[in-house]
>>> print(open('data_4.txt').read())   # compact mmCIF, C-alpha atoms
# COMPACT_ATOMS: atom_id res chain seq x y z
CA MET A 1 18.07 -23.21 18.88
CA SER A 2 20.08 -26.45 19.12
CA GLN A 3 18.84 -28.31 16.05
CA GLY A 4 17.14 -25.45 14.23
CA PRO A 5 19.72 -24.82 11.50
CA GLU A 6 20.11 -28.50 10.58
CA LEU A 7 16.37 -28.78 10.26
CA SER A 8 16.22 -26.00 7.72
CA GLN A 9 19.00 -27.60 5.65
CA LYS A 10 16.85 -30.69 5.22
CA VAL A 11 13.62 -29.12 4.02
CA SER A 12 13.22 -28.98 0.30
CA GLY A 13 12.62 -25.78 -1.65
CA LEU A 14 9.06 -26.79 -2.30
CA ARG A 15 8.41 -27.36 1.42
CA ASP A 16 9.60 -23.82 2.12
CA VAL A 17 7.37 -22.41 -0.62
CA VAL A 18 4.37 -24.18 0.91
CA ARG A 19 5.36 -22.89 4.34
CA GLY A 20 5.70 -19.34 3.01
CA ILE A 21 2.20 -19.54 1.54
CA GLY A 22 0.93 -20.96 4.83
CA VAL A 23 2.30 -18.00 6.78
CA ILE A 24 0.55 -15.41 4.57
CA SER A 25 -2.67 -17.36 3.87
CA PRO A 26 -4.92 -15.90 6.62
CA VAL A 27 -3.98 -12.40 5.46
CA LEU A 28 -4.87 -13.11 1.82
CA LEU A 29 -8.58 -13.02 2.66
CA VAL A 30 -8.14 -9.43 3.85
CA TYR A 31 -5.89 -8.51 0.91
CA VAL A 32 -8.58 -9.71 -1.51
CA ALA A 33 -11.26 -7.71 0.31
CA ILE A 34 -9.28 -4.46 0.63
CA GLY A 35 -7.56 -4.82 -2.76
CA MET A 36 -10.95 -5.17 -4.47
CA ALA A 37 -12.41 -2.29 -2.47
CA TYR A 38 -9.46 -0.13 -3.54
CA GLY A 39 -9.88 -1.14 -7.19
CA VAL A 40 -13.60 -0.27 -7.10
CA LEU A 41 -12.88 3.06 -5.37
CA ALA A 42 -10.13 3.94 -7.86
CA VAL A 43 -12.25 3.50 -10.99
CA ASP A 44 -15.21 5.16 -9.24
CA ASN A 45 -12.94 8.16 -8.71
CA GLY A 46 -12.09 8.26 -12.41
CA ILE A 47 -8.64 6.65 -12.31
CA THR A 48 -7.83 4.71 -15.48
CA PRO A 49 -7.86 0.95 -14.69
CA TRP A 50 -4.21 0.36 -15.71
CA LEU A 51 -3.03 3.22 -13.48
CA ALA A 52 -5.07 1.87 -10.55
CA VAL A 53 -3.37 -1.51 -10.98
CA LEU A 54 0.05 0.11 -11.42
CA MET A 55 -0.39 1.91 -8.10
CA SER A 56 -1.04 -1.42 -6.35
CA ALA A 57 2.05 -2.92 -7.97
CA LEU A 58 4.42 -0.02 -7.19
CA VAL A 59 3.12 1.69 -4.03
CA TYR A 60 1.74 -1.48 -2.35
CA ALA A 61 0.43 0.25 0.79
CA GLY A 62 -3.33 0.08 1.31
CA THR A 63 -4.10 3.19 3.31
CA ALA A 64 -1.89 5.50 1.23
CA GLN A 65 -3.50 4.13 -1.94
CA LEU A 66 -7.07 4.60 -0.67
CA VAL A 67 -6.35 8.17 0.41
CA GLY A 68 -4.29 8.80 -2.74
CA VAL A 69 -7.04 7.99 -5.25
CA GLN A 70 -9.48 10.21 -3.35
CA MET A 71 -6.99 13.08 -3.37
CA ILE A 72 -6.41 12.58 -7.10
CA ALA A 73 -10.18 12.68 -7.65
CA LEU A 74 -10.24 16.04 -5.85
CA SER A 75 -7.42 17.29 -8.15
CA LEU A 76 -5.27 18.27 -5.16
CA PRO A 77 -1.67 19.37 -5.88
CA PRO A 78 0.46 16.35 -6.90
CA LEU A 79 3.18 17.22 -4.38
CA SER A 80 0.67 17.23 -1.51
CA ILE A 81 -0.43 13.71 -2.49
CA ILE A 82 3.18 12.49 -2.48
CA VAL A 83 3.80 14.12 0.92
CA MET A 84 0.62 12.46 2.21
CA ALA A 85 2.01 9.06 1.12
CA ALA A 86 5.26 9.76 2.98
CA VAL A 87 3.40 10.78 6.17
CA ILE A 88 1.02 7.79 6.12
CA ASN A 89 3.87 5.39 5.36
CA ALA A 90 6.31 6.85 7.90
CA ARG A 91 5.42 3.93 10.18
CA PHE A 92 7.24 1.58 7.81
CA PHE A 93 10.54 3.24 8.77
CA VAL A 94 9.90 2.12 12.33
CA MET A 95 8.82 -1.37 11.26
CA ALA A 96 11.80 -1.87 8.94
CA SER A 97 14.13 -0.80 11.78
CA ALA A 98 12.68 -3.47 14.04
CA LEU A 99 13.31 -6.12 11.35
CA VAL A 100 16.96 -5.19 10.85
CA PRO A 101 18.37 -7.68 13.41
CA TYR A 102 16.61 -10.58 11.68
CA LEU A 103 17.48 -9.73 8.08
CA ARG A 104 21.18 -9.21 8.66
CA GLN A 105 22.17 -12.35 6.78
CA LEU A 106 20.56 -11.14 3.54
CA LYS A 107 22.56 -9.43 0.80
CA TRP A 108 21.93 -5.70 0.32
CA TRP A 109 19.82 -6.20 -2.81
CA GLU A 110 17.82 -8.91 -1.09
CA ARG A 111 17.11 -6.50 1.77
CA THR A 112 16.00 -3.88 -0.75
CA LEU A 113 13.72 -6.40 -2.46
CA TYR A 114 12.35 -7.29 0.97
CA ALA A 115 11.68 -3.60 1.63
CA THR A 116 9.68 -3.16 -1.59
CA GLN A 117 7.27 -5.84 -0.36
CA LEU A 118 7.13 -4.81 3.30
CA THR A 119 3.57 -4.29 4.52
CA ASP A 120 1.97 -4.03 7.96
CA ALA A 121 0.94 -7.68 7.70
CA THR A 122 4.28 -9.11 6.51
CA PHE A 123 5.99 -7.05 9.22
CA ALA A 124 3.75 -8.47 11.96
CA LEU A 125 4.00 -12.03 10.62
CA HIS A 126 7.79 -11.94 10.29
CA ILE A 127 8.47 -10.16 13.58
CA ALA A 128 6.51 -12.94 15.29
CA ARG A 129 8.16 -15.72 13.29
CA LEU A 130 11.78 -14.81 12.56
CA PRO A 131 13.04 -14.55 16.18
CA LYS A 132 11.61 -17.99 17.01
CA THR A 133 12.30 -20.07 13.91
CA ASP A 134 15.10 -20.20 11.40
CA ALA A 135 12.79 -19.51 8.47
CA SER A 136 14.56 -19.86 5.13
CA LYS A 137 14.99 -17.14 2.55
CA THR A 138 12.68 -19.10 0.24
CA GLU A 139 9.91 -19.06 2.83
CA VAL A 140 10.28 -15.36 3.65
CA PHE A 141 10.25 -14.23 0.04
CA THR A 142 7.41 -16.61 -0.90
CA THR A 143 5.30 -14.96 1.79
CA ASN A 144 6.16 -11.51 0.41
CA VAL A 145 5.70 -12.33 -3.28
CA VAL A 146 2.39 -14.16 -2.79
CA GLY A 147 1.01 -11.25 -0.74
CA HIS A 148 2.07 -8.76 -3.42
CA LEU A 149 0.62 -10.84 -6.28
CA VAL A 150 -2.72 -11.34 -4.49
CA TRP A 151 -2.89 -7.60 -3.73
CA VAL A 152 -2.38 -6.74 -7.42
CA GLY A 153 -4.75 -9.53 -8.49
CA ALA A 154 -7.46 -8.29 -6.13
CA THR A 155 -7.02 -4.78 -7.52
CA ILE A 156 -7.53 -6.10 -11.06
CA ALA A 157 -10.69 -7.88 -9.88
CA GLY A 158 -11.92 -4.68 -8.20
CA VAL A 159 -11.22 -2.62 -11.31
CA VAL A 160 -13.16 -5.15 -13.43
CA VAL A 161 -16.23 -5.31 -11.18
CA GLY A 162 -15.93 -1.62 -10.32
CA GLN A 163 -18.54 -0.44 -12.75
CA THR A 164 -21.07 -3.19 -11.94
CA ALA A 165 -21.00 -3.88 -8.18
CA ASN A 166 -20.70 -1.00 -5.79
CA ASN A 167 -22.10 -2.20 -2.48
CA LEU A 168 -19.26 -4.17 -0.91
CA ASP A 169 -20.00 -3.00 2.64
CA ALA A 170 -22.43 -5.90 3.02
CA PHE A 171 -19.44 -8.24 3.31
CA ALA A 172 -18.02 -6.37 6.32
CA ILE A 173 -15.09 -5.14 4.24
CA ASP A 174 -14.87 -2.07 6.48
CA PHE A 175 -13.95 -4.40 9.35
CA ALA A 176 -11.44 -6.54 7.42
CA MET A 177 -8.45 -4.37 8.32
CA PRO A 178 -9.30 -3.90 12.03
CA ALA A 179 -9.90 -7.66 12.38
CA MET A 180 -6.59 -8.47 10.70
CA PHE A 181 -4.63 -6.04 12.87
CA ILE A 182 -6.21 -7.36 16.08
CA GLY A 183 -5.29 -10.87 14.97
CA LEU A 184 -1.72 -9.79 14.22
CA LEU A 185 -1.28 -7.80 17.45
CA VAL A 186 -2.66 -10.09 20.16
CA PRO A 187 -0.33 -13.09 19.60
CA LEU A 188 2.66 -10.75 19.95
CA ILE A 189 1.64 -9.88 23.52
CA ARG A 190 3.38 -12.37 25.78
CA SER A 191 4.33 -10.56 28.97
CA ARG A 192 2.82 -8.18 31.49
CA SER A 193 5.01 -5.33 30.34
CA GLN A 194 3.78 -5.91 26.78
CA ILE A 195 0.19 -5.60 27.95
CA LEU A 196 1.18 -2.23 29.40
CA VAL A 197 2.88 -1.27 26.13
CA ALA A 198 -0.27 -2.14 24.15
CA LEU A 199 -2.59 -0.26 26.52
CA GLY A 200 -0.25 2.72 26.73
CA ALA A 201 0.10 3.02 22.96
CA ALA A 202 -3.68 2.62 22.56
CA VAL A 203 -4.50 5.37 25.05
CA ALA A 204 -1.80 7.62 23.58
CA THR A 205 -3.23 7.12 20.09
CA VAL A 206 -6.69 8.22 21.26
CA CYS A 207 -5.18 11.26 23.03
CA PHE A 208 -3.00 12.42 20.14
CA GLN A 209 -5.78 11.70 17.64
CA ALA A 210 -8.10 13.84 19.77
CA VAL A 211 -5.73 16.82 19.53
CA GLY A 212 -5.57 16.41 15.76
CA ALA A 213 -2.25 14.60 15.24
CA SER A 214 -3.97 12.15 12.79
CA PHE A 215 -1.31 10.06 11.05
CA TRP A 216 1.48 11.29 13.31
CA ALA A 217 -0.52 9.97 16.29
CA ILE A 218 0.74 6.45 15.53
CA LEU A 219 4.40 7.45 15.65
CA ILE A 220 4.07 9.50 18.84
CA ALA A 221 1.99 6.72 20.45
CA THR A 222 4.63 4.16 19.45
CA LEU A 223 7.25 6.24 21.24
CA VAL A 224 5.03 6.43 24.34
CA GLY A 225 4.60 2.63 24.20
CA LEU A 226 8.38 2.11 23.94
CA LEU A 227 9.00 4.33 26.98
CA ILE A 228 6.35 2.45 28.97
CA GLY A 229 7.92 -0.87 27.95
CA TRP A 230 11.39 0.37 28.88
CA GLY A 231 10.12 1.49 32.28
CA ALA A 232 8.09 -1.67 32.90
CA ASP A 233 11.06 -3.89 32.12
CA ARG A 234 13.18 -2.07 34.69
CA TRP A 235 10.40 -2.03 37.29
CA THR A 236 9.79 -5.79 37.10
CA LYS A 237 13.49 -6.73 37.08
CA MET B 1 -6.22 15.19 -13.93
CA ASP B 2 -4.59 13.75 -17.03
CA GLU B 3 -3.00 10.32 -17.12
CA ILE B 4 0.59 11.62 -17.20
CA THR B 5 0.09 13.64 -14.00
CA ILE B 6 -1.48 10.64 -12.26
CA LEU B 7 1.39 8.45 -13.47
CA LEU B 8 3.92 10.92 -12.05
CA ILE B 9 2.02 11.02 -8.74
CA ILE B 10 2.11 7.21 -8.58
CA LEU B 11 5.85 7.19 -9.31
CA GLY B 12 6.39 9.86 -6.64
CA MET B 13 4.31 7.96 -4.08
CA SER B 14 6.17 4.71 -4.75
CA ALA B 15 9.57 6.45 -4.59
CA VAL B 16 8.98 8.01 -1.15
CA THR B 17 7.36 4.81 0.12
CA LEU B 18 10.28 2.65 -1.00
CA LEU B 19 12.77 5.13 0.45
CA ILE B 20 11.03 4.94 3.83
CA LYS B 21 10.79 1.14 3.78
CA ALA B 22 14.32 0.51 2.49
CA ALA B 23 16.32 3.16 4.38
CA PRO B 24 16.69 1.33 7.73
CA LEU B 25 17.48 -1.98 6.02
CA ALA B 26 19.95 -0.40 3.62
CA ILE B 27 21.70 1.91 6.12
CA LEU B 28 21.80 -0.30 9.20
CA GLY B 29 21.94 -3.38 7.02
CA SER B 30 24.27 -5.96 8.48
CA ARG B 31 25.62 -3.79 11.30
CA LYS B 32 25.06 -4.83 14.89
CA LEU B 33 22.83 -2.37 16.74
CA PRO B 34 23.68 -1.02 20.21
CA ARG B 35 22.11 -2.93 23.12
CA VAL B 36 19.94 0.03 24.12
CA VAL B 37 18.43 0.24 20.63
CA GLU B 38 17.78 -3.51 20.40
CA ASP B 39 16.15 -3.41 23.85
CA GLY B 40 13.97 -0.55 22.71
CA LEU B 41 13.03 -2.29 19.47
CA LYS B 42 11.77 -5.26 21.47
CA HIS B 43 8.51 -3.50 22.34
CA LEU B 44 8.12 -1.74 19.01
CA PRO B 45 5.86 -4.27 17.23
CA VAL B 46 3.28 -4.29 20.03
CA ALA B 47 3.37 -0.49 20.37
CA VAL B 48 2.96 0.32 16.67
CA LEU B 49 0.31 -2.35 15.99
CA SER B 50 -1.69 -1.39 19.08
CA GLY B 51 -1.78 2.22 17.89
CA MET B 52 -2.92 1.09 14.45
CA VAL B 53 -5.71 -1.10 15.86
CA VAL B 54 -7.08 1.87 17.80
CA GLN B 55 -6.85 4.10 14.75
CA LEU B 56 -8.56 1.53 12.50
CA VAL B 57 -11.35 0.84 14.97
CA MET B 58 -12.04 4.29 16.37
CA VAL B 59 -11.06 6.79 13.69
CA LYS B 60 -13.67 7.24 10.96
CA ASN B 61 -13.11 9.76 8.16
CA GLY B 62 -10.13 11.24 9.96
CA ALA B 63 -11.88 11.94 13.27
CA LEU B 64 -12.29 10.02 16.53
CA SER B 65 -15.65 8.28 16.66
CA PHE B 66 -17.39 6.73 19.67
CA SER B 67 -20.78 6.14 18.03
CA ILE B 68 -22.82 3.46 19.84
CA ASP B 69 -24.59 2.64 16.57
CA ASP B 70 -21.34 1.76 14.85
CA VAL B 71 -21.07 -2.03 14.74
CA THR B 72 -17.42 -1.89 13.64
CA ILE B 73 -16.51 -0.46 17.07
CA TRP B 74 -18.42 -3.14 19.03
CA ALA B 75 -17.02 -5.85 16.78
CA ALA B 76 -13.57 -5.19 18.22
CA LEU B 77 -14.62 -6.91 21.47
CA PRO B 78 -15.48 -10.40 20.12
CA THR B 79 -12.52 -10.09 17.77
CA LEU B 80 -10.13 -9.36 20.67
CA ALA B 81 -11.65 -12.27 22.61
CA ALA B 82 -11.18 -14.62 19.65
CA ALA B 83 -7.58 -13.46 19.22
CA ALA B 84 -6.75 -13.89 22.92
CA LEU B 85 -8.35 -17.33 23.14
CA THR B 86 -7.14 -18.86 19.89
CA ARG B 87 -4.07 -16.75 18.96
CA ASN B 88 -5.02 -17.79 15.44
CA LEU B 89 -5.08 -15.11 12.74
CA PHE B 90 -7.56 -16.85 10.46
CA VAL B 91 -10.07 -17.56 13.26
CA THR B 92 -9.74 -13.97 14.50
CA ILE B 93 -10.48 -12.46 11.09
CA ALA B 94 -13.39 -14.87 10.52
CA VAL B 95 -14.95 -14.12 13.94
CA GLY B 96 -14.55 -10.35 13.49
CA MET B 97 -15.94 -10.12 9.97
CA GLY B 98 -18.58 -12.77 10.73
CA PHE B 99 -19.81 -10.75 13.72
CA VAL B 100 -20.21 -7.62 11.58
CA VAL B 101 -22.05 -9.52 8.81
CA VAL B 102 -24.44 -11.19 11.28
CA VAL B 103 -25.22 -7.96 13.15
CA ARG B 104 -25.91 -6.19 9.84
CA LEU B 105 -28.16 -9.02 8.67
CA ILE B 106 -30.16 -8.94 11.92
CA GLY B 107 -30.24 -5.16 12.04
CA GLY B 108 -31.45 -5.07 8.44
>>> encode(input="data_4.txt", output="structure tokens")
Amino acid sequence: MSQGPELSQKVSGLRDVVRGIGVISPVLLVYVAIGMAYGVLAVDNGITPWLAVLMSALVYAGTAQLVGVQMIALSLPPLSIIVMAAVINARFFVMASALVPYLRQLKWWERTLYATQLTDATFALHIARLPKTDASKTEVFTTNVVGHLVWVGATIAGVVVGQTANNLDAFAIDFAMPAMFIGLLVPLIRSRSQILVALGAAVATVCFQAVGASFWAILIATLVGLLIGWGADRWTK
Amino acid sequence: MDEITILLIILGMSAVTLLIKAAPLAILGSRKLPRVVEDGLKHLPVAVLSGMVVQLVMVKNGALSFSIDDVTIWAALPTLAAAALTRNLFVTIAVGMGFVVVVRLIGG
């Protein structure tokens, strides 16, 4: 930490923009794949193109969007679709809480702006990066804005090709998200107790999923993982 | 469904989503958290992401799936290996998706 802050004073704005793009770049591949798949699915389900794109711009949460357009296609009650979005996205409450210690220096409106562009990927990237480096505001927001723009852009592309191409499975798009999450998770595991946390949360997810907890399974499993980590830390001390 | 209803659904979805994402940052904001909470938060990223990996790999159409024929379950193994060896996000994604593409090409 000794010379960190001075270092960040020296880098130019442009350097930080490039760095911000560098941080998000591996994820963009997945955003393009899933964003396009969502766009195709949306128009296939009869959503007007401009509304499909608007959903990407405003909701900006892949799983909720994919489930949402299918629920709309089934003409399910609007309120149930909104509740579904809240349940699927409940995990972001947990993620945002974990980021609080590292975003303390931001102004309240900057934190709100950050929240609008919080995704699973930006959470994982920033929770790995912010505790170790004194990343600048420019870098952090570049990462967020670029991710958001590419997500919306990919949706537009998907909406455009939607009517023509409909077999995207050939490109392994159904494995894009799992691959990205494995790549985001593994580098975060640095100690034995964290291996236990990962295994515990994984087993708990399978168990709670098996008894039908579906989207709540993640939150309960997270809690189980935290308890295991808390116990493991005390055991090894 | 007509466009206005869909528009309202989208606005509703984005409102609840933003509320969930912004609440901790807005409420806790610049306050210092108690030690116990910060200690607990330390393991949160690994716990939540591990749960999501399992759900993404093993839950298909809302139900647990252990199908041996499903390449996207097997693909998790080389992907995990690539992640552990390289700790590089781009390489991990490329290995994972590449594995699935190759298996599908061979399998027809």
>>> axis_aligned_box(input="data_4.txt", around="range 102-117 of chain A", padding_each_side="4 Å", output="AutoDock Vina command-line options")
--center_x 14.9 --center_y -7.8 --center_z 4.4 --size_x 23.3 --size_y 17.2 --size_z 22.5
>>> atom_distance(input="data_4.txt", atom1="CA of Pro77 in chain A", atom2="CA of Ile220 in chain A")
27.2 Å
>>> closest_residue(input="data_4.txt", among="A:Phe171, A:Trp109, A:Phe123, A:Phe208", to="Ser97 in chain A", atoms="all atoms listed in the file")
A:Phe123
>>> closest_atom_pairs(input="data_4.txt", of="chain A", to="chain B", cutoff="6 Å", atoms="only C-alpha atoms", output="tab-separated table")
residue	atom	partner	partner_atom	distance
A:Pro26	CA	B:Phe90	CA	4.8
A:Met55	CA	B:Ile10	CA	5.9
A:Leu58	CA	B:Ser14	CA	5.6
A:Val59	CA	B:Ser14	CA	4.4
A:Pro78	CA	B:Ile9	CA	5.9
A:Ile82	CA	B:Met13	CA	4.9
A:Ala85	CA	B:Met13	CA	5.8
A:Ala86	CA	B:Val16	CA	5.8
A:Phe92	CA	B:Lys21	CA	5.4
A:Phe93	CA	B:Ile20	CA	5.2
A:Ala96	CA	B:Pro24	CA	6.0
A:Ser97	CA	B:Pro24	CA	5.2
A:Ala98	CA	B:Leu41	CA	5.6
A:Val100	CA	B:Leu25	CA	5.8
A:Arg104	CA	B:Ser30	CA	4.5
A:Thr112	CA	B:Ala22	CA	5.7
A:Ala115	CA	B:Ala22	CA	5.0
A:Thr116	CA	B:Leu18	CA	5.9
A:Ala172	CA	B:Met97	CA	5.6
A:Pro178	CA	B:Leu56	CA	5.5
A:Ala179	CA	B:Ile93	CA	5.0
A:Met180	CA	B:Ile93	CA	5.6
A:Phe181	CA	B:Val53	CA	5.9
A:Gly183	CA	B:Leu89	CA	4.8
A:Leu185	CA	B:Leu49	CA	5.9
A:Pro187	CA	B:Arg87	CA	5.3
A:Val197	CA	B:Ala47	CA	5.8
A:Ala198	CA	B:Ser50	CA	5.3
A:Ala201	CA	B:Ala47	CA	5.5
A:Ala202	CA	B:Gly51	CA	5.1
A:Thr205	CA	B:Gly51	CA	5.6
A:Ile218	CA	B:Gly51	CA	5.5
A:Thr222	CA	B:Ala47	CA	4.9
A:Gly225	CA	B:Ala47	CA	5.1
A:Leu226	CA	B:His43	CA	5.8
>>> atom_distance(input="data_4.txt", atom1="CA of Val18 in chain A", atom2="CA of Thr133 in chain A")
15.8 Å
>>> closest_residue(input="data_4.txt", among="A:Ala217, A:Asp233, A:Thr142, A:Met95", to="Leu14 in chain A", atoms="all atoms listed in the file")
A:Thr142
>>> closest_residue(input="data_4.txt", among="A:Ala73, A:Ile127, A:Gln194, A:Leu79", to="Pro101 in chain A", atoms="all atoms listed in the file")
A:Ile127
>>> atom_distance(input="data_4.txt", atom1="CA of Ala210 in chain A", atom2="CA of Ile182 in chain A")
21.6 Å
>>> residues_near_point(input="data_4.txt", point="(-7.8, -17.5, 2.5)", cutoff="12 Å", atoms="all atoms listed in the file", output="ChimeraX atom specification")
/A:21-33,146-147,150 /B:89-91,93-94
>>> closest_residue(input="data_4.txt", among="A:Leu54, A:Ile47, A:Leu106, A:Ile88", to="Leu219 in chain A", atoms="all atoms listed in the file")
A:Ile88
>>> residues_around(input="data_4.txt", residues="Val67 in chain A", least_positions_apart="4", cutoff="9 Å", atoms="all atoms listed in the file", output="PDB file with C-alpha atoms, in the frame of the given file")
ATOM      1  CA  GLY A  62      -3.330   0.080   1.310  1.00  0.00           C
ATOM      2  CA  THR A  63      -4.100   3.190   3.310  1.00  0.00           C
ATOM      3  CA  MET A  71      -6.990  13.080  -3.370  1.00  0.00           C
ATOM      4  CA  ILE A  72      -6.410  12.580  -7.100  1.00  0.00           C
ATOM      5  CA  ILE A  81      -0.430  13.710  -2.490  1.00  0.00           C
ATOM      6  CA  MET A  84       0.620  12.460   2.210  1.00  0.00           C
ATOM      7  CA  ALA A  85       2.010   9.060   1.120  1.00  0.00           C
TER       8      ALA A  85
END
